[in-house]
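*Asks:* Quick one: structure below, then a few questions.
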Amino acid sequence: MDYLNAFIVGGVICGVAQILIDKTKLTPARILVLFVTMGALLTGLGVYENLVSIGGAGATIPLTGFGYLLAKGAISDVNTNGLLGALTGGVKAAAGGITAAIFFGYLISLIFRPKAKT
Amino acid sequence: MANKLLGTQTIKFNNPPSIVASASIVGPKEGQGPLGKYFDKILNDELWGEKTWEKAESKIMRETINTVLSSANKAPSDINFILAGDLLNQCLSSNYAIRESNIPYFGLYGACSTMTESLALASMIIDGGYADNIICVTSSHFCSAEKQFRFPLELGTQRPLTSQWTVTGSGAVILSSNGNGPFITQATAGKIVDMGIKDANNMGAAMAPAASDTIYRHFEDTGGIPSEYDMVVTGDLGYIGMEITDDILIKLGCRITDRFRDCGAMIYDRERQDTHAGGSGCGCSASVLAGYLYKEILGGNLNRILLVSTGALMSPSSIQQGESIPSIAHAVTIQKTLG
């Protein structure tokens, strides 16, 4: 059941992105930024937490999950360290993801070469 | 007194130069397309043993120049000028391709219209008696163009259906004051037309008004009619741009529909190759001219064509700043025999 829920929640989030690509003039880069900010915004409003509790990784793996992590980190850091936590908490919470992205991105770029899609 | 000028934008050459040789090298996708058998060389991969797409593009142009020289049996010292261009910033591919050639060089930027721009200017130089042999060459590369104008390939973005596929390839011809044809007899210089299209993934629609303007002006200036041509062939309007151009011309009373072709629409198989709206890039009309069209003219299947390379003159900064796409089209008349 967890797998099914993750599949459905993750699929709906990606489906929204696909509709934006097909139906609007938004560039992929803008859609990526939109998803991070939407994730953060929905977390701040308390909506995204519900999605995470239903969908698990289906909600945390897509890019909205990165926004969720930033917002959640900022909120909890504000609670423990005061207002300065709004500036430090987000990146602290997302540090694992950011470092992994840079590290593995670098490794992959050493091993593989880009190609024209055929 | 400009006695070779016809109407407002067209030149009629009194001493029409001959295209004495042609050469084309294309990438694997172009080689698998319907015109594959006409190209001189088809690459197995887009890098061609080089480290970067940009180096590969320079190599493609350099080797195309070498091929056209050897097919004309000429040495670089026989060539007075080379007129070349490509899509990369500062015409980088051409600069590196021609660096070691020792041929005096004029770098041109007309985006995808550069091939006919170079043919028109070279014909004027030869007709004016300033040179005997000139190489006209352009190139483009799918991977380097995507990286510069859209997104790096590593991002793996999806391409919208209106987008065109930049041709990986180069085409070169040698124009000579001495030769038995095919001859370049007329050239119509295009004006910049900008109807406000801002989408770099819909260049066909942006360029269509420029193409129809130049084609219409050509017939107005020369007093000619479309039936005098076996083919009116545009550079890289693609399917969407062709449709718009045809519509505009019909409204202007200029019906070319039955002989209207487009290099970008011919070079790929629409059903099989998933290139969406067709091919584009300076290498598109250059390789189709040097490969398919030139051989069809020599073989007698085509006697007189109007080649209209079309260019979308945007830059990476103008796209990012949301500016519209200024477009242009230059036309040259190529015919097998004079008279």
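The way I read the labels, and the way they are meant: chains A, B, ... in the order of the structure tokens, residue 1 as the first residue of every chain, and ligand 1 as the first ligand shown, with later ones counted on from there.
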Any chance you could tabulate, as CSV, the residues of chain B at most 12 Å from chain A with each one's nearest atom pair and distance in Å to one decimal, using only C-alpha atoms, in chain and rising number order?

*Replies:*
residue,atom,partner,partner_atom,distance
B:Gly27,CA,A:Ala116,CA,10.6
B:Pro28,CA,A:Thr118,CA,9.5
B:Lys29,CA,A:Thr118,CA,7.7
B:Glu30,CA,A:Thr118,CA,11.3
B:Gln32,CA,A:Thr118,CA,11.1
B:Asp45,CA,A:Lys115,CA,9.0
B:Glu46,CA,A:Ala116,CA,7.7
B:Leu47,CA,A:Lys115,CA,8.9
B:Lys51,CA,A:Arg113,CA,9.9
B:Thr52,CA,A:Arg113,CA,9.9
B:Trp53,CA,A:Lys115,CA,9.8
B:His141,CA,A:Ala116,CA,10.2
B:Phe142,CA,A:Ala116,CA,7.4
B:Cys143,CA,A:Ala116,CA,6.3
B:Ser144,CA,A:Ala116,CA,10.1
B:Ala145,CA,A:Ala116,CA,11.3
B:Glu146,CA,A:Ala116,CA,9.6
B:Lys147,CA,A:Ala116,CA,11.0
B:Arg150,CA,A:Thr27,CA,9.5
B:Phe151,CA,A:Ala29,CA,9.0
B:Pro152,CA,A:Pro114,CA,9.0
B:Leu153,CA,A:Pro114,CA,6.4
B:Glu154,CA,A:Pro114,CA,5.8
B:Leu155,CA,A:Pro28,CA,9.2
B:Gly156,CA,A:Lys117,CA,8.6
B:Thr157,CA,A:Pro28,CA,6.7
B:Gln158,CA,A:Ile21,CA,8.0
B:Arg159,CA,A:Ile21,CA,9.2
B:Pro160,CA,A:Asp22,CA,7.1
B:Leu161,CA,A:Asp22,CA,9.0
B:Thr162,CA,A:Asp22,CA,11.0
B:Trp165,CA,A:Ala116,CA,10.5
B:Thr166,CA,A:Ala116,CA,10.8
B:Val167,CA,A:Ala116,CA,11.4
B:Thr168,CA,A:Ala116,CA,10.3
B:Lys198,CA,A:Lys25,CA,10.2
B:Asp199,CA,A:Lys25,CA,8.0
B:Ala200,CA,A:Lys25,CA,10.5
B:Asn201,CA,A:Lys25,CA,9.5
B:Asn202,CA,A:Lys25,CA,10.8
B:Arg272,CA,A:Thr118,CA,11.0
B:Gln273,CA,A:Thr118,CA,8.1
B:Asp274,CA,A:Thr118,CA,8.5
B:Thr275,CA,A:Thr118,CA,9.4
B:Ile319,CA,A:Thr27,CA,11.4
B:Gln320,CA,A:Thr27,CA,10.6
B:Gly322,CA,A:Lys25,CA,11.8

*Asks:* Per DSSP on the backbone, what are the helix (DSSP H, G or I) residues of chain A, as a PyMOL selection string?

*Replies:* chain A and resi 2-23+28-44+48-55+57-60+63-81+85-111

*Asks:* Using only C-alpha atoms, which residues sit within 9 Å of Met207 (chain B) once same-chain residues fewer than 2 positions away are excluded, as JSON, numbers by chain?

*Replies:* {"B": [193, 194, 195, 203, 204, 205, 209, 210, 211, 212, 236, 237, 241, 245, 310, 311, 312, 325, 326, 327, 328, 329]}

*Asks:* Check the smallest atom-to-atom distance from each of A:Leu70, A:Leu63, A:Ala100, A:Ala57 to Val33 (chain A) using only C-alpha atoms, then report the winner.

*Replies:*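 Residue with the minimum atom-to-atom distance to Val33 (chain A): A:Leu63.
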
*Asks:* Going by DSSP on the backbone, which residues of region 287-336 of chain B come out as strand (DSSP E)? List them as a PyMOL selection string.

*Replies:* chain B and resi 304-312+327-335

*Asks:* Name all residues at most 9 Å from Val52 (chain A) (count only C-alpha atoms; drop same-chain ones fewer than 6 positions away) and give them as a VMD selection string.

*Replies:* chain A and resid 6 9 58 to 60 65
